Amino acid sequence: MSDPQAKEVKLEIQLDEETAQGVYVNLAVVNHNDSEFTLDFIFVQPQAPRAKVRSRVITSPRHAKRMLLALQENVARYEKAFGPIEPAVQRLDEAEGHYH
């Protein structure tokens, strides 16, 4: 049964112009502990020895799972419309300190 006192809340999402421009990233590093996930979104220039974190998002495990499901759904829709996405595999060579 639904709660007669529960009201639907309409959420208005605001987006300022600078945030709306977005930032380009080509690497994400994900870490977690028992209470949160940290996602660092990074731009790596080819052949450059350094990379800059453009944005860091810290969120709860439940929200991280919702983001994962939303990404899976959107990737599936994309592939249905445009064909399969071939994943690029990059790995950090810790001895040399750069990505391959």
# chains A, B, ... in the order shown; residues from 1 in each chain; ligands from 1
>>> residues_around(residues="stretch 27-42 of chain A", least_positions_apart="2", cutoff="7 Å", atoms="only C-alpha atoms", output="number ranges by chain")
A: 25, 44, 51-61, 64
>>> select_by_dssp(residues="stretch 9-93 of chain A", states="strand (DSSP E)", output="JSON, numbers by chain")
{"A": [27, 28, 29, 30, 31, 32, 37, 38, 39, 40, 41, 42, 43, 44, 51, 52, 53, 54, 55, 56, 57, 58, 59, 92, 93]}
>>> write_last_selection(atoms="N, CA and C atoms", output="compact mmCIF listing (two decimals), in the first residue's frame")
# COMPACT_ATOMS: atom_id res chain seq x y z
N LEU A 27 40.70 8.67 -18.89
CA LEU A 27 41.11 7.67 -17.91
C LEU A 27 40.32 7.90 -16.62
N ALA A 28 39.91 6.83 -16.00
CA ALA A 28 39.26 6.93 -14.69
C ALA A 28 39.94 5.95 -13.75
N VAL A 29 40.18 6.41 -12.54
CA VAL A 29 40.74 5.56 -11.50
C VAL A 29 39.69 5.46 -10.40
N VAL A 30 39.36 4.24 -10.01
CA VAL A 30 38.32 4.01 -9.02
C VAL A 30 38.93 3.34 -7.80
N ASN A 31 38.67 3.91 -6.64
CA ASN A 31 39.09 3.33 -5.37
C ASN A 31 37.88 3.27 -4.44
N HIS A 32 37.97 2.45 -3.41
CA HIS A 32 36.85 2.36 -2.46
C HIS A 32 37.34 1.92 -1.09
N PHE A 37 33.02 5.25 -2.48
CA PHE A 37 33.80 5.04 -3.70
C PHE A 37 34.35 6.40 -4.12
N THR A 38 35.58 6.41 -4.58
CA THR A 38 36.19 7.63 -5.10
C THR A 38 36.54 7.38 -6.55
N LEU A 39 36.04 8.25 -7.42
CA LEU A 39 36.30 8.16 -8.86
C LEU A 39 37.09 9.39 -9.27
N ASP A 40 38.31 9.19 -9.76
CA ASP A 40 39.12 10.27 -10.28
C ASP A 40 39.05 10.20 -11.80
N PHE A 41 38.63 11.30 -12.42
CA PHE A 41 38.54 11.40 -13.87
C PHE A 41 39.74 12.22 -14.35
N ILE A 42 40.53 11.63 -15.24
CA ILE A 42 41.85 12.13 -15.57
C ILE A 42 42.00 12.33 -17.08
N PHE A 43 42.74 13.37 -17.45
CA PHE A 43 43.11 13.56 -18.85
C PHE A 43 44.58 13.22 -19.00
N VAL A 44 44.88 12.26 -19.86
CA VAL A 44 46.24 11.84 -20.15
C VAL A 44 46.58 12.26 -21.57
N ALA A 51 49.76 13.36 -15.83
CA ALA A 51 48.35 13.45 -16.17
C ALA A 51 47.66 14.23 -15.06
N LYS A 52 46.59 14.92 -15.42
CA LYS A 52 45.91 15.78 -14.45
C LYS A 52 44.52 15.24 -14.14
N VAL A 53 44.21 15.17 -12.83
CA VAL A 53 42.85 14.83 -12.42
C VAL A 53 41.98 16.04 -12.71
N ARG A 54 40.97 15.84 -13.55
CA ARG A 54 40.07 16.93 -13.92
C ARG A 54 38.89 17.03 -12.96
N SER A 55 38.53 15.88 -12.36
CA SER A 55 37.39 15.89 -11.44
C SER A 55 37.49 14.68 -10.53
N ARG A 56 37.09 14.85 -9.30
CA ARG A 56 37.01 13.74 -8.34
C ARG A 56 35.58 13.68 -7.82
N VAL A 57 35.00 12.49 -7.88
CA VAL A 57 33.64 12.26 -7.38
C VAL A 57 33.72 11.23 -6.27
N ILE A 58 33.18 11.58 -5.11
CA ILE A 58 33.14 10.66 -3.97
C ILE A 58 31.67 10.37 -3.70
N THR A 59 31.33 9.08 -3.64
CA THR A 59 29.92 8.72 -3.51
C THR A 59 29.77 7.45 -2.67
N LEU A 92 48.94 0.50 -16.33
CA LEU A 92 50.02 1.31 -15.79
C LEU A 92 51.24 0.45 -15.58
N ASP A 93 52.34 0.83 -16.18
CA ASP A 93 53.61 0.16 -15.94
C ASP A 93 54.23 0.86 -14.73
>>> select_by_dssp(residues="chain A", states="alpha helix (DSSP H)", output="PDB file with N, CA and C atoms, in the first residue's frame")
ATOM      1  N   GLU A  17      26.828  27.460 -16.427  1.00  0.00           N
ATOM      2  CA  GLU A  17      27.419  27.421 -17.766  1.00  0.00           C
ATOM      3  C   GLU A  17      28.796  26.754 -17.795  1.00  0.00           C
ATOM      4  N   GLU A  18      29.631  27.020 -16.785  1.00  0.00           N
ATOM      5  CA  GLU A  18      30.967  26.423 -16.761  1.00  0.00           C
ATOM      6  C   GLU A  18      30.886  24.901 -16.646  1.00  0.00           C
ATOM      7  N   THR A  19      30.029  24.399 -15.770  1.00  0.00           N
ATOM      8  CA  THR A  19      29.868  22.954 -15.607  1.00  0.00           C
ATOM      9  C   THR A  19      29.264  22.340 -16.871  1.00  0.00           C
ATOM     10  N   ALA A  20      28.352  23.055 -17.507  1.00  0.00           N
ATOM     11  CA  ALA A  20      27.705  22.554 -18.720  1.00  0.00           C
ATOM     12  C   ALA A  20      28.703  22.340 -19.851  1.00  0.00           C
ATOM     13  N   GLN A  21      29.830  23.053 -19.833  1.00  0.00           N
ATOM     14  CA  GLN A  21      30.844  22.883 -20.863  1.00  0.00           C
ATOM     15  C   GLN A  21      31.508  21.514 -20.779  1.00  0.00           C
ATOM     16  N   PRO A  61      28.431   3.558  -1.730  1.00  0.00           N
ATOM     17  CA  PRO A  61      28.375   2.303  -2.489  1.00  0.00           C
ATOM     18  C   PRO A  61      27.035   2.113  -3.209  1.00  0.00           C
ATOM     19  N   ARG A  62      25.936   2.500  -2.586  1.00  0.00           N
ATOM     20  CA  ARG A  62      24.630   2.333  -3.237  1.00  0.00           C
ATOM     21  C   ARG A  62      24.521   3.201  -4.482  1.00  0.00           C
ATOM     22  N   HIS A  63      25.001   4.424  -4.396  1.00  0.00           N
ATOM     23  CA  HIS A  63      24.933   5.292  -5.565  1.00  0.00           C
ATOM     24  C   HIS A  63      25.913   4.826  -6.644  1.00  0.00           C
ATOM     25  N   ALA A  64      27.076   4.319  -6.241  1.00  0.00           N
ATOM     26  CA  ALA A  64      28.032   3.780  -7.215  1.00  0.00           C
ATOM     27  C   ALA A  64      27.378   2.648  -8.004  1.00  0.00           C
ATOM     28  N   LYS A  65      26.626   1.804  -7.334  1.00  0.00           N
ATOM     29  CA  LYS A  65      25.933   0.699  -8.008  1.00  0.00           C
ATOM     30  C   LYS A  65      24.883   1.236  -8.978  1.00  0.00           C
ATOM     31  N   ARG A  66      24.146   2.280  -8.579  1.00  0.00           N
ATOM     32  CA  ARG A  66      23.155   2.888  -9.483  1.00  0.00           C
ATOM     33  C   ARG A  66      23.840   3.479 -10.715  1.00  0.00           C
ATOM     34  N   MET A  67      25.016   4.107 -10.513  1.00  0.00           N
ATOM     35  CA  MET A  67      25.750   4.658 -11.661  1.00  0.00           C
ATOM     36  C   MET A  67      26.201   3.539 -12.591  1.00  0.00           C
ATOM     37  N   LEU A  68      26.688   2.430 -12.018  1.00  0.00           N
ATOM     38  CA  LEU A  68      27.111   1.287 -12.823  1.00  0.00           C
ATOM     39  C   LEU A  68      25.957   0.778 -13.686  1.00  0.00           C
ATOM     40  N   LEU A  69      24.791   0.614 -13.081  1.00  0.00           N
ATOM     41  CA  LEU A  69      23.636   0.123 -13.835  1.00  0.00           C
ATOM     42  C   LEU A  69      23.212   1.110 -14.916  1.00  0.00           C
ATOM     43  N   ALA A  70      23.258   2.404 -14.608  1.00  0.00           N
ATOM     44  CA  ALA A  70      22.904   3.418 -15.604  1.00  0.00           C
ATOM     45  C   ALA A  70      23.899   3.409 -16.764  1.00  0.00           C
ATOM     46  N   LEU A  71      25.184   3.262 -16.469  1.00  0.00           N
ATOM     47  CA  LEU A  71      26.195   3.184 -17.529  1.00  0.00           C
ATOM     48  C   LEU A  71      26.009   1.937 -18.385  1.00  0.00           C
ATOM     49  N   GLN A  72      25.731   0.799 -17.733  1.00  0.00           N
ATOM     50  CA  GLN A  72      25.509  -0.435 -18.493  1.00  0.00           C
ATOM     51  C   GLN A  72      24.325  -0.278 -19.438  1.00  0.00           C
ATOM     52  N   GLU A  73      23.248   0.305 -18.944  1.00  0.00           N
ATOM     53  CA  GLU A  73      22.056   0.498 -19.775  1.00  0.00           C
ATOM     54  C   GLU A  73      22.352   1.429 -20.950  1.00  0.00           C
ATOM     55  N   ASN A  74      23.070   2.511 -20.698  1.00  0.00           N
ATOM     56  CA  ASN A  74      23.375   3.455 -21.762  1.00  0.00           C
ATOM     57  C   ASN A  74      24.364   2.897 -22.774  1.00  0.00           C
ATOM     58  N   VAL A  75      25.342   2.122 -22.340  1.00  0.00           N
ATOM     59  CA  VAL A  75      26.270   1.480 -23.277  1.00  0.00           C
ATOM     60  C   VAL A  75      25.506   0.489 -24.155  1.00  0.00           C
ATOM     61  N   ALA A  76      24.585  -0.256 -23.566  1.00  0.00           N
ATOM     62  CA  ALA A  76      23.779  -1.201 -24.353  1.00  0.00           C
ATOM     63  C   ALA A  76      22.951  -0.466 -25.407  1.00  0.00           C
ATOM     64  N   ARG A  77      22.365   0.654 -25.044  1.00  0.00           N
ATOM     65  CA  ARG A  77      21.586   1.443 -26.010  1.00  0.00           C
ATOM     66  C   ARG A  77      22.488   1.980 -27.123  1.00  0.00           C
ATOM     67  N   TYR A  78      23.662   2.476 -26.733  1.00  0.00           N
ATOM     68  CA  TYR A  78      24.614   2.992 -27.711  1.00  0.00           C
ATOM     69  C   TYR A  78      25.000   1.902 -28.706  1.00  0.00           C
ATOM     70  N   GLU A  79      25.358   0.717 -28.187  1.00  0.00           N
ATOM     71  CA  GLU A  79      25.786  -0.375 -29.061  1.00  0.00           C
ATOM     72  C   GLU A  79      24.650  -0.865 -29.946  1.00  0.00           C
ATOM     73  N   LYS A  80      23.446  -0.804 -29.457  1.00  0.00           N
ATOM     74  CA  LYS A  80      22.300  -1.192 -30.289  1.00  0.00           C
ATOM     75  C   LYS A  80      22.148  -0.225 -31.462  1.00  0.00           C
ATOM     76  N   ALA A  81      22.390   1.055 -31.211  1.00  0.00           N
ATOM     77  CA  ALA A  81      22.243   2.067 -32.252  1.00  0.00           C
ATOM     78  C   ALA A  81      23.456   2.165 -33.170  1.00  0.00           C
ATOM     79  N   PHE A  82      24.670   2.009 -32.623  1.00  0.00           N
ATOM     80  CA  PHE A  82      25.881   2.305 -33.391  1.00  0.00           C
ATOM     81  C   PHE A  82      26.844   1.137 -33.557  1.00  0.00           C
TER      82      PHE A  82
END
